[in-house]
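Enquirer: The structure is given below, and queries will be raised subsequently.
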Amino acid sequence: MKSWYLLYCKTRHEIRAQQNLALQQVDSYLPMITQQKTVRNKQKMVTAPLFPSYLFIYFDPQITSVSKIHNTRGANRIVGCREVMTPIDDRIVSALKRRVQDYVPEEVKPLGKGDKVKFVDGPFKDLEAIFDENNPDKRCHVLFNIMGQQKRILVELTNLQATSKNNPAT
């Protein structure tokens, strides 16, 4: 009887394995999501597998040989395949498909001069500042009020988060 199984693929070969399994008439599902990533110091929206190196396959082990799947180009092995194969409940895969389909990626806009930010880590945690400018080494300058004076300090960009006050609709 056909069931869903989890296939572990070679690193970054999920799509290759999926294509080669399709040539063997084996159905598969590769959940992909779009997310914002930093590539060469620039923010880009990138589509990538939700579970890197894993692919859901739908087949009947009585009809399609397990060794044929293991020998598919890009594939490594079926997860939990020793003596008895453990199928994945159809409801789990269906729910995963719905969630991936309904997922809307949130695009984070880069900080601009004058944006209000909040420290999320480090010695100034939970304090607010004003973003001034980026530095090439993943740091940035912020204007920080301390003891009644505004000082320009250099901090790690990862320690900052834009506050909701930057959004005029709020």
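Convention: chains lettered A, B, ... in structure tokens order; per-chain residue numbering from 1; ligands numbered from 1 as shown.
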Show me, as a PDB file with N, CA and C atoms, in the first residue's frame, the residues that have an atom within 8 Å of segment 30-36 of chain A when counting only C-alpha atoms, minus same-chain residues fewer than 4 positions from it.
Expert:
```pdb
ATOM      1  N   GLU A  14      18.369  17.771  -2.924  1.00  0.00           N
ATOM      2  CA  GLU A  14      16.951  17.431  -2.784  1.00  0.00           C
ATOM      3  C   GLU A  14      16.220  17.497  -4.124  1.00  0.00           C
ATOM      4  N   ILE A  15      16.473  18.561  -4.880  1.00  0.00           N
ATOM      5  CA  ILE A  15      15.775  18.751  -6.161  1.00  0.00           C
ATOM      6  C   ILE A  15      16.230  17.701  -7.166  1.00  0.00           C
ATOM      7  N   GLN A  18      14.498  14.534  -6.267  1.00  0.00           N
ATOM      8  CA  GLN A  18      13.087  14.638  -6.622  1.00  0.00           C
ATOM      9  C   GLN A  18      12.889  14.419  -8.124  1.00  0.00           C
ATOM     10  N   GLN A  43      20.330  42.234   1.395  1.00  0.00           N
ATOM     11  CA  GLN A  43      19.158  41.450   1.739  1.00  0.00           C
ATOM     12  C   GLN A  43      18.471  40.968   0.466  1.00  0.00           C
ATOM     13  N   LYS A  44      18.207  39.655   0.374  1.00  0.00           N
ATOM     14  CA  LYS A  44      17.525  39.076  -0.774  1.00  0.00           C
ATOM     15  C   LYS A  44      16.486  38.077  -0.291  1.00  0.00           C
ATOM     16  N   MET A  45      15.410  37.948  -1.075  1.00  0.00           N
ATOM     17  CA  MET A  45      14.408  36.927  -0.806  1.00  0.00           C
ATOM     18  C   MET A  45      14.858  35.661  -1.540  1.00  0.00           C
ATOM     19  N   VAL A  46      15.025  34.555  -0.804  1.00  0.00           N
ATOM     20  CA  VAL A  46      15.552  33.318  -1.354  1.00  0.00           C
ATOM     21  C   VAL A  46      14.585  32.179  -1.044  1.00  0.00           C
ATOM     22  N   THR A  47      14.338  31.325  -2.041  1.00  0.00           N
ATOM     23  CA  THR A  47      13.506  30.144  -1.838  1.00  0.00           C
ATOM     24  C   THR A  47      14.424  28.972  -1.545  1.00  0.00           C
ATOM     25  N   ALA A  48      14.142  28.273  -0.445  1.00  0.00           N
ATOM     26  CA  ALA A  48      14.990  27.158  -0.022  1.00  0.00           C
ATOM     27  C   ALA A  48      14.120  26.071   0.611  1.00  0.00           C
ATOM     28  N   PRO A  49      14.637  24.839   0.684  1.00  0.00           N
ATOM     29  CA  PRO A  49      13.877  23.771   1.330  1.00  0.00           C
ATOM     30  C   PRO A  49      13.622  24.081   2.810  1.00  0.00           C
ATOM     31  N   LEU A  50      12.412  23.766   3.247  1.00  0.00           N
ATOM     32  CA  LEU A  50      12.059  23.956   4.659  1.00  0.00           C
ATOM     33  C   LEU A  50      12.883  23.018   5.540  1.00  0.00           C
ATOM     34  N   PHE A  51      13.080  21.791   5.063  1.00  0.00           N
ATOM     35  CA  PHE A  51      13.900  20.800   5.775  1.00  0.00           C
ATOM     36  C   PHE A  51      15.070  20.425   4.860  1.00  0.00           C
ATOM     37  N   TYR A  54      16.088  16.764   3.200  1.00  0.00           N
ATOM     38  CA  TYR A  54      14.995  15.811   3.379  1.00  0.00           C
ATOM     39  C   TYR A  54      13.931  15.996   2.311  1.00  0.00           C
ATOM     40  N   LEU A  55      13.340  14.869   1.907  1.00  0.00           N
ATOM     41  CA  LEU A  55      12.324  14.846   0.870  1.00  0.00           C
ATOM     42  C   LEU A  55      11.280  13.811   1.267  1.00  0.00           C
ATOM     43  N   PHE A  56       9.999  14.164   1.164  1.00  0.00           N
ATOM     44  CA  PHE A  56       8.925  13.226   1.438  1.00  0.00           C
ATOM     45  C   PHE A  56       8.630  12.458   0.152  1.00  0.00           C
ATOM     46  N   LEU A  96       1.261  19.820   6.566  1.00  0.00           N
ATOM     47  CA  LEU A  96       2.496  20.505   6.193  1.00  0.00           C
ATOM     48  C   LEU A  96       2.323  21.232   4.857  1.00  0.00           C
ATOM     49  N   LYS A  97       1.671  20.591   3.905  1.00  0.00           N
ATOM     50  CA  LYS A  97       1.417  21.220   2.600  1.00  0.00           C
ATOM     51  C   LYS A  97       0.568  22.476   2.763  1.00  0.00           C
ATOM     52  N   VAL A 100       2.719  25.318   4.442  1.00  0.00           N
ATOM     53  CA  VAL A 100       3.706  25.876   3.515  1.00  0.00           C
ATOM     54  C   VAL A 100       3.009  26.746   2.478  1.00  0.00           C
ATOM     55  N   TYR A 103       2.001  30.083   4.066  1.00  0.00           N
ATOM     56  CA  TYR A 103       3.094  30.870   4.632  1.00  0.00           C
ATOM     57  C   TYR A 103       3.376  32.098   3.772  1.00  0.00           C
ATOM     58  N   PRO A 105       6.100  35.105   3.589  1.00  0.00           N
ATOM     59  CA  PRO A 105       7.364  35.565   4.175  1.00  0.00           C
ATOM     60  C   PRO A 105       7.292  37.031   4.566  1.00  0.00           C
ATOM     61  N   GLU A 106       7.938  37.338   5.665  1.00  0.00           N
ATOM     62  CA  GLU A 106       7.971  38.716   6.148  1.00  0.00           C
ATOM     63  C   GLU A 106       9.282  39.338   5.693  1.00  0.00           C
ATOM     64  N   GLU A 107       9.162  40.381   4.903  1.00  0.00           N
ATOM     65  CA  GLU A 107      10.364  41.057   4.413  1.00  0.00           C
ATOM     66  C   GLU A 107      10.761  42.143   5.405  1.00  0.00           C
ATOM     67  N   VAL A 108      11.964  42.038   5.899  1.00  0.00           N
ATOM     68  CA  VAL A 108      12.477  43.011   6.850  1.00  0.00           C
ATOM     69  C   VAL A 108      13.232  44.073   6.062  1.00  0.00           C
TER      70      VAL A 108
END
```
Enquirer: If I take atom CA of Met85 of chain A and atom CA of Gln101 of chain A, how far is one from the other in Å, to one decimal?
Expert: 28.4 Å
Enquirer: List as a list in words the protein and nucleic acid residues near segment 120-135 of chain A, meaning an atom at most 8 Å away when only C-alpha atoms are counted, but skip any in the same chain fewer than 6 places from it.
Expert: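 Returned residues: Leu111, Gly112, Lys113, Gly114, His141, Val142, Leu143, Phe144, Asn145, Asn159, Leu160 and Gln161 of chain A.
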Enquirer: Going by DSSP on the backbone, which bits of segment 13-169 of chain A are strand (DSSP E or B)? Write them as a ChimeraX atom specification, please.
Expert: /A:27-29,32-39,42-49,54-59,75-78,88,116-119,128-134,139-146,149-156,160-162
